[in-house]
$ cat input.tsv   # TSV, C-alpha atoms
chain	number	residue	atom	x	y	z
A	1	MET	CA	-119.96	-32.67	93.60
A	2	ASN	CA	-120.83	-31.58	97.14
A	3	ILE	CA	-123.03	-34.63	97.50
A	4	TRP	CA	-120.20	-36.93	96.48
A	5	ILE	CA	-117.91	-35.28	99.03
A	6	ALA	CA	-120.52	-35.86	101.73
A	7	ILE	CA	-120.95	-39.49	100.65
A	8	GLY	CA	-117.19	-40.06	100.66
A	9	VAL	CA	-116.61	-38.50	104.08
A	10	THR	CA	-119.55	-40.37	105.60
A	11	ALA	CA	-118.48	-43.69	104.10
A	12	VAL	CA	-114.90	-43.34	105.36
A	13	GLY	CA	-115.97	-42.08	108.80
A	14	CYS	CA	-118.63	-44.74	109.36
A	15	TYR	CA	-116.32	-47.52	108.21
A	16	ALA	CA	-113.53	-46.24	110.45
A	17	VAL	CA	-115.65	-46.37	113.63
A	18	LYS	CA	-116.81	-49.89	112.78
A	19	LEU	CA	-113.22	-51.04	112.26
A	20	ILE	CA	-111.92	-49.30	115.39
A	21	GLY	CA	-114.33	-51.34	117.48
A	22	LEU	CA	-112.90	-54.57	116.12
A	23	LEU	CA	-109.27	-53.49	116.41
A	24	VAL	CA	-108.84	-51.71	119.76
A	25	PRO	CA	-108.11	-53.87	122.78
A	26	ALA	CA	-111.14	-54.78	124.85
A	27	GLY	CA	-111.74	-52.39	127.70
A	28	ALA	CA	-110.30	-49.34	125.97
A	29	LEU	CA	-113.73	-47.78	125.55
A	30	GLU	CA	-115.42	-49.53	128.44
A	31	ARG	CA	-115.53	-46.63	130.90
A	32	PRO	CA	-119.14	-46.33	132.10
A	33	VAL	CA	-119.37	-42.66	131.21
A	34	VAL	CA	-118.22	-43.34	127.65
A	35	ARG	CA	-120.77	-46.11	127.24
A	36	ARG	CA	-123.56	-43.95	128.66
A	37	LEU	CA	-122.66	-41.17	126.27
A	38	ALA	CA	-122.53	-43.54	123.30
A	39	ALA	CA	-126.00	-44.80	124.18
A	40	LEU	CA	-127.47	-41.32	124.65
A	41	LEU	CA	-125.90	-39.68	121.59
A	42	PRO	CA	-128.25	-41.43	119.12
A	43	VAL	CA	-131.23	-40.45	121.29
A	44	ALA	CA	-130.33	-36.76	120.99
A	45	LEU	CA	-129.54	-36.95	117.28
A	46	LEU	CA	-132.63	-38.96	116.34
A	47	ALA	CA	-134.92	-36.69	118.37
A	48	ALA	CA	-133.51	-33.55	116.74
A	49	LEU	CA	-133.66	-35.11	113.27
A	50	THR	CA	-137.26	-36.26	113.74
A	51	ALA	CA	-138.34	-32.79	114.82
A	52	GLN	CA	-136.44	-30.97	112.09
A	53	GLN	CA	-137.55	-33.18	109.23
A	54	ALA	CA	-141.16	-33.01	110.38
A	55	PHE	CA	-141.44	-29.35	111.30
A	56	ALA	CA	-138.89	-27.50	109.17
A	57	ASP	CA	-138.70	-26.44	105.56
A	58	GLY	CA	-135.15	-25.36	104.99
A	59	ARG	CA	-134.52	-22.95	107.84
A	60	THR	CA	-138.11	-21.97	108.58
A	61	LEU	CA	-140.39	-23.83	110.96
A	62	VAL	CA	-143.61	-25.10	109.39
A	63	LEU	CA	-146.67	-27.07	110.42
A	64	ASP	CA	-147.95	-29.00	107.40
A	65	ALA	CA	-149.25	-32.40	106.34
A	66	LYS	CA	-146.04	-34.08	107.55
A	67	ALA	CA	-147.08	-33.34	111.16
A	68	ALA	CA	-150.23	-35.38	110.61
A	69	GLY	CA	-148.13	-38.15	109.07
A	70	LEU	CA	-145.76	-38.15	112.03
A	71	ALA	CA	-148.66	-38.25	114.50
A	72	ALA	CA	-150.06	-41.26	112.63
A	73	ALA	CA	-146.62	-42.91	112.77
A	74	ALA	CA	-146.49	-42.30	116.52
A	75	LEU	CA	-149.88	-43.93	116.90
A	76	ALA	CA	-148.71	-46.91	114.82
A	77	LEU	CA	-145.67	-47.21	117.10
A	78	VAL	CA	-147.86	-47.21	120.19
A	79	LEU	CA	-149.87	-50.01	118.58
A	80	ARG	CA	-146.57	-51.90	118.05
A	81	ALA	CA	-146.80	-51.92	114.27
A	82	PRO	CA	-143.76	-53.25	112.38
A	83	PHE	CA	-141.15	-50.78	111.11
A	84	LEU	CA	-142.23	-50.70	107.47
A	85	VAL	CA	-145.89	-50.29	108.44
A	86	VAL	CA	-145.00	-47.28	110.61
A	87	VAL	CA	-143.23	-45.63	107.68
A	88	ALA	CA	-146.01	-46.51	105.25
A	89	VAL	CA	-148.67	-45.07	107.58
A	90	ALA	CA	-146.77	-41.77	107.77
A	91	VAL	CA	-146.44	-41.59	103.99
A	92	VAL	CA	-150.08	-42.48	103.28
A	93	VAL	CA	-151.51	-40.07	105.86
A	94	THR	CA	-149.28	-37.24	104.65
A	95	ALA	CA	-150.28	-37.84	101.05
A	96	GLY	CA	-153.92	-38.06	102.06
A	97	VAL	CA	-153.88	-34.79	103.98
A	98	ARG	CA	-152.11	-33.09	101.05
A	99	ALA	CA	-154.66	-34.43	98.58
A	100	LEU	CA	-157.55	-33.24	100.76
A	101	THR	CA	-156.13	-29.80	101.48
A	102	GLY	CA	-154.83	-29.34	97.96
B	1	MET	CA	-132.40	-50.34	108.51
B	2	ALA	CA	-133.52	-51.04	112.02
B	3	GLU	CA	-130.59	-49.32	113.53
B	4	GLN	CA	-131.57	-49.07	117.14
B	5	THR	CA	-133.01	-52.48	117.62
B	6	ALA	CA	-129.90	-54.09	118.97
B	7	PRO	CA	-128.74	-52.44	122.18
B	8	ALA	CA	-131.41	-54.01	124.32
B	9	ASP	CA	-130.68	-57.45	123.05
B	10	ILE	CA	-127.03	-56.91	123.70
B	11	ARG	CA	-127.55	-55.59	127.17
B	12	THR	CA	-129.97	-58.30	128.12
B	13	THR	CA	-127.45	-60.90	127.10
B	14	GLU	CA	-124.91	-59.23	129.36
B	15	GLY	CA	-127.02	-59.17	132.48
B	16	ALA	CA	-128.86	-62.42	132.21
B	17	PRO	CA	-128.24	-65.63	130.33
B	18	PRO	CA	-129.62	-65.29	126.82
B	19	GLU	CA	-132.98	-66.78	126.06
B	20	HIS	CA	-131.36	-69.66	124.29
B	21	GLY	CA	-128.81	-70.06	127.07
B	22	ALA	CA	-130.04	-73.54	127.86
B	23	ALA	CA	-129.88	-74.62	124.26
B	24	VAL	CA	-126.12	-74.90	123.97
B	25	ASP	CA	-126.78	-77.48	121.31
B	26	LYS	CA	-128.67	-74.96	119.18
B	27	THR	CA	-128.47	-76.32	115.67
B	28	ASP	CA	-126.78	-74.46	112.83
B	29	ALA	CA	-130.08	-74.51	110.96
B	30	ALA	CA	-131.81	-72.73	113.84
B	31	VAL	CA	-129.14	-70.03	113.87
B	32	VAL	CA	-129.42	-69.57	110.11
B	33	ARG	CA	-133.20	-69.33	110.42
B	34	ASP	CA	-132.99	-66.62	113.11
B	35	ALA	CA	-130.36	-64.70	111.15
B	36	LEU	CA	-132.32	-64.85	107.90
B	37	GLY	CA	-135.45	-63.63	109.69
B	38	VAL	CA	-133.67	-60.48	110.83
B	39	GLY	CA	-131.73	-60.03	107.58
B	40	ILE	CA	-134.79	-60.28	105.36
B	41	ALA	CA	-137.14	-58.18	107.49
B	42	VAL	CA	-134.67	-55.35	107.89
B	43	GLY	CA	-133.17	-55.72	104.43
B	44	LEU	CA	-136.55	-54.85	102.92
B	45	SER	CA	-136.40	-51.45	104.66
B	46	GLY	CA	-133.76	-50.43	102.15
B	47	PHE	CA	-136.76	-49.66	99.95
B	48	ALA	CA	-137.74	-46.80	102.28
B	49	PHE	CA	-134.21	-45.47	102.11
B	50	GLY	CA	-134.04	-45.65	98.32
B	51	VAL	CA	-137.31	-43.76	97.95
B	52	THR	CA	-136.36	-41.13	100.54
B	53	SER	CA	-132.89	-40.58	99.14
B	54	ALA	CA	-134.03	-40.22	95.52
B	55	GLY	CA	-136.92	-38.06	96.72
B	56	SER	CA	-134.38	-35.82	98.47
B	57	GLY	CA	-132.69	-35.11	95.16
B	58	LEU	CA	-129.83	-37.63	95.15
B	59	THR	CA	-129.27	-39.58	91.95
B	60	VAL	CA	-129.82	-43.33	91.78
B	61	LEU	CA	-126.05	-43.81	91.67
B	62	GLN	CA	-125.47	-41.66	94.76
B	63	THR	CA	-128.27	-43.43	96.59
B	64	CYS	CA	-126.85	-46.86	95.81
B	65	ALA	CA	-123.31	-45.72	96.69
B	66	LEU	CA	-124.56	-44.79	100.17
B	67	SER	CA	-126.12	-48.18	100.79
B	68	LEU	CA	-123.08	-50.01	99.40
B	69	LEU	CA	-120.40	-47.96	101.15
B	70	VAL	CA	-121.95	-46.54	104.33
B	71	PHE	CA	-124.29	-49.44	105.17
B	72	THR	CA	-125.64	-48.17	108.47
B	73	GLY	CA	-129.22	-47.05	108.05
B	74	ALA	CA	-129.73	-44.16	110.47
B	75	SER	CA	-126.55	-42.47	109.21
B	76	GLN	CA	-127.72	-42.83	105.62
B	77	PHE	CA	-131.13	-41.31	106.37
B	78	ALA	CA	-129.51	-38.51	108.37
B	79	LEU	CA	-127.12	-37.67	105.55
B	80	VAL	CA	-129.74	-37.41	102.81
B	81	GLY	CA	-132.00	-35.42	105.14
B	82	ALA	CA	-129.24	-32.94	105.91
B	83	LEU	CA	-128.26	-32.61	102.24
B	84	ALA	CA	-131.89	-32.07	101.24
B	85	ALA	CA	-132.15	-29.29	103.84
B	86	GLY	CA	-129.21	-27.56	102.17
B	87	GLY	CA	-126.55	-28.46	104.72
B	88	ASN	CA	-122.93	-28.21	103.73
B	89	PRO	CA	-121.39	-31.61	102.98
B	90	LEU	CA	-119.14	-31.68	106.04
B	91	THR	CA	-121.77	-30.75	108.64
B	92	ALA	CA	-124.14	-33.23	106.98
B	93	ALA	CA	-121.46	-35.94	107.15
B	94	ALA	CA	-120.68	-35.06	110.78
B	95	GLY	CA	-124.27	-35.76	111.86
B	96	ALA	CA	-124.24	-39.08	110.01
B	97	PHE	CA	-120.85	-39.93	111.52
B	98	PHE	CA	-121.96	-39.32	115.12
B	99	LEU	CA	-124.95	-41.60	114.56
B	100	GLY	CA	-122.52	-44.31	113.43
B	101	VAL	CA	-120.26	-44.06	116.48
B	102	ARG	CA	-122.26	-46.67	118.39
B	103	ASN	CA	-121.08	-49.29	115.91
B	104	ALA	CA	-117.62	-49.04	117.48
B	105	PHE	CA	-119.12	-50.34	120.72
B	106	TYR	CA	-120.69	-53.28	118.94
B	107	GLY	CA	-117.30	-54.04	117.41
B	108	LEU	CA	-115.73	-54.16	120.88
B	109	ARG	CA	-118.16	-56.91	121.92
B	110	LEU	CA	-117.98	-58.76	118.64
B	111	SER	CA	-114.21	-58.91	118.40
B	112	GLN	CA	-114.05	-60.92	121.64
B	113	LEU	CA	-117.05	-63.05	120.77
B	114	LEU	CA	-116.15	-63.89	117.17
B	115	ALA	CA	-112.35	-63.93	117.67
B	116	LEU	CA	-111.80	-63.11	114.02
B	117	PRO	CA	-108.35	-63.49	112.45
B	118	ARG	CA	-106.70	-60.09	111.94
B	119	ALA	CA	-106.84	-60.43	108.16
B	120	VAL	CA	-110.62	-60.92	108.20
B	121	ARG	CA	-111.43	-57.95	110.45
B	122	PRO	CA	-111.27	-55.20	107.80
B	123	PHE	CA	-113.88	-57.10	105.77
B	124	ALA	CA	-116.08	-58.07	108.71
B	125	ALA	CA	-116.03	-54.46	109.94
B	126	HIS	CA	-118.37	-53.30	107.17
B	127	TRP	CA	-121.11	-55.53	108.58
B	128	VAL	CA	-120.76	-54.39	112.20
B	129	ILE	CA	-124.21	-52.85	112.70
B	130	ASP	CA	-127.16	-53.14	115.09
B	131	GLU	CA	-128.72	-56.21	113.54
B	132	THR	CA	-125.60	-58.36	113.09
B	133	SER	CA	-124.55	-57.49	116.65
B	134	ALA	CA	-127.96	-58.35	118.07
B	135	VAL	CA	-128.05	-61.74	116.37
B	136	SER	CA	-124.42	-62.63	117.15
B	137	LEU	CA	-124.55	-61.62	120.80
B	138	ALA	CA	-127.68	-63.70	121.36
B	139	GLN	CA	-125.91	-66.93	120.37
B	140	PRO	CA	-124.75	-69.50	122.94
B	141	THR	CA	-121.48	-70.52	121.27
B	142	ARG	CA	-118.71	-68.96	119.18
B	143	ARG	CA	-119.58	-71.19	116.24
B	144	SER	CA	-123.23	-70.12	116.22
B	145	ALA	CA	-122.24	-66.47	116.77
B	146	ARG	CA	-120.00	-66.64	113.70
B	147	ILE	CA	-122.76	-68.24	111.64
B	148	GLY	CA	-125.28	-65.68	112.91
B	149	PHE	CA	-122.99	-62.78	112.08
B	150	THR	CA	-122.20	-64.04	108.58
B	151	VAL	CA	-125.74	-64.99	107.58
B	152	THR	CA	-127.30	-61.81	108.98
B	153	GLY	CA	-124.59	-59.65	107.43
B	154	LEU	CA	-124.78	-61.28	104.01
B	155	SER	CA	-128.58	-61.44	103.70
B	156	LEU	CA	-129.00	-57.92	105.04
B	157	TYR	CA	-126.28	-56.44	102.85
B	158	VAL	CA	-127.58	-58.02	99.65
B	159	LEU	CA	-131.24	-57.21	100.30
B	160	TRP	CA	-130.63	-53.70	101.66
B	161	ASN	CA	-128.74	-52.78	98.50
B	162	LEU	CA	-131.23	-54.40	96.12
B	163	THR	CA	-134.22	-52.73	97.76
B	164	THR	CA	-132.35	-49.40	97.83
B	165	LEU	CA	-131.98	-49.63	94.05
B	166	VAL	CA	-135.64	-50.56	93.54
B	167	GLY	CA	-136.79	-47.73	95.82
B	168	ALA	CA	-134.58	-45.15	94.10
B	169	LEU	CA	-135.74	-46.21	90.63
B	170	GLY	CA	-139.35	-46.17	91.85
B	171	ALA	CA	-139.02	-42.65	93.25
B	172	GLU	CA	-137.50	-41.42	90.01
B	173	ALA	CA	-140.36	-42.99	88.07
B	174	ILE	CA	-143.12	-41.31	90.07
B	175	GLY	CA	-141.49	-37.88	89.89
B	176	ASP	CA	-143.00	-35.52	92.48
B	177	THR	CA	-142.40	-37.60	95.60
B	178	ASP	CA	-143.77	-34.92	97.93
B	179	ALA	CA	-147.24	-35.32	96.43
B	180	TRP	CA	-147.03	-38.96	97.52
B	181	GLY	CA	-146.03	-38.02	101.04
B	182	ILE	CA	-142.60	-39.60	100.66
B	183	ASP	CA	-141.00	-36.72	102.57
B	184	ALA	CA	-142.77	-38.01	105.70
B	185	ALA	CA	-140.82	-41.28	105.50
B	186	GLY	CA	-137.63	-39.70	106.90
B	187	PRO	CA	-139.09	-38.37	110.16
B	188	ALA	CA	-141.17	-41.54	110.56
B	189	VAL	CA	-138.01	-43.67	110.26
B	190	PHE	CA	-136.23	-41.59	112.89
B	191	LEU	CA	-139.23	-41.74	115.21
B	192	ALA	CA	-139.44	-45.53	114.80
B	193	LEU	CA	-135.74	-45.83	115.67
B	194	LEU	CA	-136.05	-43.42	118.58
B	195	ALA	CA	-139.23	-44.71	120.24
B	196	PRO	CA	-137.83	-47.95	121.70
B	197	MET	CA	-134.87	-46.02	123.15
B	198	LEU	CA	-137.04	-43.74	125.29
B	199	LYS	CA	-137.13	-46.12	128.23
B	200	SER	CA	-136.19	-43.99	131.20
B	201	ALA	CA	-136.53	-40.35	132.22
B	202	THR	CA	-132.91	-39.77	131.19
B	203	GLU	CA	-133.56	-40.69	127.58
B	204	ARG	CA	-136.73	-38.62	127.48
B	205	MET	CA	-134.92	-35.63	128.94
B	206	VAL	CA	-132.17	-35.93	126.33
B	207	ALA	CA	-134.73	-36.26	123.52
B	208	GLY	CA	-136.78	-33.29	124.74
B	209	LEU	CA	-133.76	-31.04	125.09
B	210	ALA	CA	-132.49	-32.13	121.66
B	211	VAL	CA	-135.83	-31.26	120.03
B	212	VAL	CA	-135.82	-27.81	121.62
B	213	LEU	CA	-132.22	-27.17	120.56
B	214	GLY	CA	-132.71	-28.62	117.08
B	215	LEU	CA	-135.82	-26.58	116.30
B	216	GLY	CA	-134.91	-23.45	118.25
B	217	LEU	CA	-131.53	-23.01	116.61
B	218	LEU	CA	-132.74	-23.87	113.11
B	219	PRO	CA	-133.55	-20.30	112.05
B	220	VAL	CA	-130.32	-18.82	113.42
B	221	LEU	CA	-127.56	-21.33	112.59
B	222	PRO	CA	-126.41	-22.65	109.18
B	223	ALA	CA	-128.17	-25.80	107.93
B	224	GLY	CA	-126.88	-28.99	109.55
B	225	VAL	CA	-125.31	-27.26	112.54
B	226	PRO	CA	-128.40	-27.27	114.83
B	227	VAL	CA	-128.46	-31.10	114.80
B	228	LEU	CA	-124.84	-31.17	115.94
B	229	VAL	CA	-125.57	-28.70	118.73
B	230	ALA	CA	-128.62	-30.78	119.70
B	231	ALA	CA	-126.28	-33.76	120.16
B	232	LEU	CA	-124.83	-31.86	123.13
B	233	ALA	CA	-128.09	-32.64	124.94
B	234	ALA	CA	-126.58	-36.06	125.71
B	235	PRO	CA	-123.48	-34.89	127.63
B	236	ALA	CA	-125.49	-32.02	129.16
B	237	VAL	CA	-128.08	-34.34	130.71
B	238	LEU	CA	-125.38	-36.79	131.83
B	239	TYR	CA	-123.52	-33.94	133.51
B	240	ILE	CA	-126.63	-32.68	135.30
B	241	GLN	CA	-127.43	-36.20	136.46
B	242	GLY	CA	-123.88	-36.77	137.64
B	243	ARG	CA	-124.05	-33.61	139.74
B	244	ARG	CA	-127.42	-34.57	141.17
B	245	GLN	CA	-126.19	-38.03	142.08
B	246	ALA	CA	-123.09	-36.56	143.67
B	247	ASP	CA	-125.33	-34.30	145.76
B	248	THR	CA	-127.59	-37.12	146.89
B	249	SER	CA	-124.72	-39.39	147.78
B	250	ILE	CA	-123.14	-36.64	149.86
B	251	THR	CA	-126.32	-35.87	151.78
B	252	SER	CA	-127.44	-39.45	152.28
B	253	THR	CA	-123.94	-41.03	152.27
B	254	SER	CA	-125.55	-43.92	150.42
B	255	THR	CA	-123.14	-44.17	147.54
B	256	SER	CA	-124.12	-47.75	146.90
B	257	THR	CA	-127.70	-46.74	146.10
B	258	SER	CA	-126.65	-44.16	143.57
B	259	THR	CA	-124.20	-46.54	141.94
B	260	SER	CA	-126.76	-49.26	141.58
B	261	LYS	CA	-129.18	-46.67	140.24
B	262	SER	CA	-126.81	-45.59	137.52
B	263	THR	CA	-126.09	-49.18	136.58
B	264	SER	CA	-129.75	-50.00	136.25
B	265	GLN	CA	-130.19	-46.91	134.09
B	266	SER	CA	-127.40	-47.90	131.80
B	267	THR	CA	-128.88	-51.32	131.30
B	268	SER	CA	-132.29	-50.00	130.37
B	269	THR	CA	-131.23	-47.76	127.55
B	270	SER	CA	-133.40	-49.25	124.92
B	271	THR	CA	-135.33	-52.22	123.89
B	272	SER	CA	-135.82	-54.22	120.81
B	273	GLN	CA	-138.79	-53.09	118.83
B	274	GLY	CA	-139.98	-52.35	115.39
B	275	ALA	CA	-137.91	-52.86	112.37
B	276	ASP	CA	-136.41	-56.25	113.01
B	277	ARG	CA	-139.78	-57.91	112.88
$ encode --input "input.tsv" --output "structure tokens"
Amino acid sequence: MNIWIAIGVTAVGCYAVKLIGLLVPAGALERPVVRRLAALLPVALLAALTAQQAFADGRTLVLDAKAAGLAAAALALVLRAPFLVVVAVAVVVTAGVRALTG
Amino acid sequence: MAEQTAPADIRTTEGAPPEHGAAVDKTDAAVVRDALGVGIAVGLSGFAFGVTSAGSGLTVLQTCALSLLVFTGASQFALVGALAAGGNPLTAAAGAFFLGVRNAFYGLRLSQLLALPRAVRPFAAHWVIDETSAVSLAQPTRRSARIGFTVTGLSLYVLWNLTTLVGALGAEAIGDTDAWGIDAAGPAVFLALLAPMLKSATERMVAGLAVVLGLGLLPVLPAGVPVLVAALAAPAVLYIQGRRQADTSITSTSTSTSTSKSTSQSTSTSTSQGADR
């Protein structure tokens, strides 16, 4: 049930911000500081999410096979690999390290 | 979905004439071809979401509901990640919501460009995401922008949802997704979305501070909350920069330099890379 609540709230919230953009008069959100903040907010969120999902298990910090997978993904990104390849590399390396270390 | 691929395209089109600026007579077929290229490439990434979501413990139905109803990739990944970590539904939704806020800024641009009738806007709104914005804003005329928006939106929506279903069913079939390393897909997706945004020192500072806050607070705050606190890295860095710029402009009385500096920073927020190819 909790999951459905989360899905419902997210769906409504995400749809609302999309619609607001189309409905409000141009210029209403165009203050430079607002635009800067809107551009930087995803940077902060994505960085925190990357770190947490790679180095946390629940509420404890861990260093496991996922770290190797993420490092491989970073290397793939540096080599300008396409999006799906980056994800696949992370998955394969993580699985490989797990298989080797048991 | 290749959420963060658009801003650069959008900002480049603002500053300079778009690449196709000369080709005002760009044919409808060329627009459709461009739009389908983006729609298909990114639409296939729904597979990664389906696998991750089902691997995080959501049912196939819940996974498909997210792709159908939320339809903005980074928010979907963030939500299932937060739920898997045991976050409460509202904090999990809050993180996903903040990631979706940028779509409002795309809508601002698009509403002028597409000039949609009021009755159509509630339907078009669902497709206001990075990719549709990038394709539309790169078009030379209103007609081609409308075609670009519609074709990208339709192809991406259909494919994203189909591949979500296939991925979710696949994850259910293989059972223990961790053994297959599927849990590494989430962080890899976020890293792939983040990497092209780390253009200037400002972005790197925000990202670094967010990592420290996100990991440092993890053991002491309830699940889902550290990510929201980490989001404060954005206003914090902006505030520090604002103060620094104020200081420099007072000492050097060269306000024009600091203004032009901040403009150039705001135009170099991110660049197109990764998922839309």
$ closest_atom_pairs --input "input.tsv" --of "chain A" --to "chain B" --cutoff "7 Å" --atoms "only C-alpha atoms" --output "JSON lines"
{"residue": "A:Asn2", "atom": "CA", "partner": "B:Pro89", "partner_atom": "CA", "distance": 5.9}
{"residue": "A:Ile3", "atom": "CA", "partner": "B:Pro89", "partner_atom": "CA", "distance": 6.5}
{"residue": "A:Ile5", "atom": "CA", "partner": "B:Pro89", "partner_atom": "CA", "distance": 6.4}
{"residue": "A:Ala6", "atom": "CA", "partner": "B:Pro89", "partner_atom": "CA", "distance": 4.5}
{"residue": "A:Ile7", "atom": "CA", "partner": "B:Leu66", "partner_atom": "CA", "distance": 6.4}
{"residue": "A:Val9", "atom": "CA", "partner": "B:Ala93", "partner_atom": "CA", "distance": 6.3}
{"residue": "A:Thr10", "atom": "CA", "partner": "B:Ala93", "partner_atom": "CA", "distance": 5.1}
{"residue": "A:Ala11", "atom": "CA", "partner": "B:Val70", "partner_atom": "CA", "distance": 4.5}
{"residue": "A:Gly13", "atom": "CA", "partner": "B:Phe97", "partner_atom": "CA", "distance": 6.0}
{"residue": "A:Cys14", "atom": "CA", "partner": "B:Gly100", "partner_atom": "CA", "distance": 5.6}
{"residue": "A:Tyr15", "atom": "CA", "partner": "B:His126", "partner_atom": "CA", "distance": 6.2}
{"residue": "A:Val17", "atom": "CA", "partner": "B:Ala104", "partner_atom": "CA", "distance": 5.1}
{"residue": "A:Lys18", "atom": "CA", "partner": "B:Ala104", "partner_atom": "CA", "distance": 4.8}
{"residue": "A:Leu19", "atom": "CA", "partner": "B:Ala125", "partner_atom": "CA", "distance": 5.0}
{"residue": "A:Ile20", "atom": "CA", "partner": "B:Ala104", "partner_atom": "CA", "distance": 6.1}
{"residue": "A:Gly21", "atom": "CA", "partner": "B:Ala104", "partner_atom": "CA", "distance": 4.0}
{"residue": "A:Leu22", "atom": "CA", "partner": "B:Gly107", "partner_atom": "CA", "distance": 4.6}
{"residue": "A:Ala26", "atom": "CA", "partner": "B:Leu108", "partner_atom": "CA", "distance": 6.1}
{"residue": "A:Arg36", "atom": "CA", "partner": "B:Ser266", "partner_atom": "CA", "distance": 6.3}
{"residue": "A:Leu37", "atom": "CA", "partner": "B:Ala234", "partner_atom": "CA", "distance": 6.5}
{"residue": "A:Ala38", "atom": "CA", "partner": "B:Arg102", "partner_atom": "CA", "distance": 5.8}
{"residue": "A:Ala39", "atom": "CA", "partner": "B:Thr269", "partner_atom": "CA", "distance": 6.9}
{"residue": "A:Leu40", "atom": "CA", "partner": "B:Ala234", "partner_atom": "CA", "distance": 5.4}
{"residue": "A:Leu41", "atom": "CA", "partner": "B:Ala234", "partner_atom": "CA", "distance": 5.5}
{"residue": "A:Pro42", "atom": "CA", "partner": "B:Leu99", "partner_atom": "CA", "distance": 5.6}
{"residue": "A:Val43", "atom": "CA", "partner": "B:Ala207", "partner_atom": "CA", "distance": 5.9}
{"residue": "A:Ala44", "atom": "CA", "partner": "B:Ala207", "partner_atom": "CA", "distance": 5.1}
{"residue": "A:Leu45", "atom": "CA", "partner": "B:Ala231", "partner_atom": "CA", "distance": 5.4}
{"residue": "A:Leu46", "atom": "CA", "partner": "B:Phe190", "partner_atom": "CA", "distance": 5.6}
{"residue": "A:Ala47", "atom": "CA", "partner": "B:Ala207", "partner_atom": "CA", "distance": 5.2}
{"residue": "A:Ala48", "atom": "CA", "partner": "B:Val211", "partner_atom": "CA", "distance": 4.6}
{"residue": "A:Leu49", "atom": "CA", "partner": "B:Val227", "partner_atom": "CA", "distance": 6.7}
{"residue": "A:Thr50", "atom": "CA", "partner": "B:Pro187", "partner_atom": "CA", "distance": 4.5}
{"residue": "A:Ala51", "atom": "CA", "partner": "B:Val211", "partner_atom": "CA", "distance": 6.0}
{"residue": "A:Gln52", "atom": "CA", "partner": "B:Leu215", "partner_atom": "CA", "distance": 6.1}
{"residue": "A:Gln53", "atom": "CA", "partner": "B:Pro187", "partner_atom": "CA", "distance": 5.5}
{"residue": "A:Ala54", "atom": "CA", "partner": "B:Pro187", "partner_atom": "CA", "distance": 5.8}
{"residue": "A:Gly58", "atom": "CA", "partner": "B:Ala85", "partner_atom": "CA", "distance": 5.1}
{"residue": "A:Arg59", "atom": "CA", "partner": "B:Pro219", "partner_atom": "CA", "distance": 5.1}
{"residue": "A:Thr60", "atom": "CA", "partner": "B:Pro219", "partner_atom": "CA", "distance": 6.0}
{"residue": "A:Lys66", "atom": "CA", "partner": "B:Ala184", "partner_atom": "CA", "distance": 5.4}
{"residue": "A:Gly69", "atom": "CA", "partner": "B:Ala184", "partner_atom": "CA", "distance": 6.3}
{"residue": "A:Leu70", "atom": "CA", "partner": "B:Ala188", "partner_atom": "CA", "distance": 5.9}
{"residue": "A:Ala73", "atom": "CA", "partner": "B:Ala188", "partner_atom": "CA", "distance": 6.0}
{"residue": "A:Leu77", "atom": "CA", "partner": "B:Ala192", "partner_atom": "CA", "distance": 6.9}
{"residue": "A:Ala81", "atom": "CA", "partner": "B:Gly274", "partner_atom": "CA", "distance": 6.9}
{"residue": "A:Pro82", "atom": "CA", "partner": "B:Gly274", "partner_atom": "CA", "distance": 4.9}
{"residue": "A:Phe83", "atom": "CA", "partner": "B:Ala275", "partner_atom": "CA", "distance": 4.1}
{"residue": "A:Leu84", "atom": "CA", "partner": "B:Ser45", "partner_atom": "CA", "distance": 6.5}
{"residue": "A:Val86", "atom": "CA", "partner": "B:Ala188", "partner_atom": "CA", "distance": 6.9}
{"residue": "A:Val87", "atom": "CA", "partner": "B:Ala188", "partner_atom": "CA", "distance": 5.4}
{"residue": "A:Ala90", "atom": "CA", "partner": "B:Ala184", "partner_atom": "CA", "distance": 5.9}
{"residue": "A:Val91", "atom": "CA", "partner": "B:Gly181", "partner_atom": "CA", "distance": 4.6}
{"residue": "A:Val92", "atom": "CA", "partner": "B:Gly181", "partner_atom": "CA", "distance": 6.4}
{"residue": "A:Thr94", "atom": "CA", "partner": "B:Gly181", "partner_atom": "CA", "distance": 4.9}
{"residue": "A:Ala95", "atom": "CA", "partner": "B:Gly181", "partner_atom": "CA", "distance": 4.3}
$ atom_distance --input "input.tsv" --atom1 "CA of Arg80 (chain A)" --atom2 "CA of Ala68 (chain A)"
18.5 Å
$ atom_distance --input "input.tsv" --atom1 "CA of Ile174 (chain B)" --atom2 "CA of Leu159 (chain B)"
22.3 Å
$ atom_distance --input "input.tsv" --atom1 "CA of Ala74 (chain A)" --atom2 "CA of Asp57 (chain A)"
20.8 Å
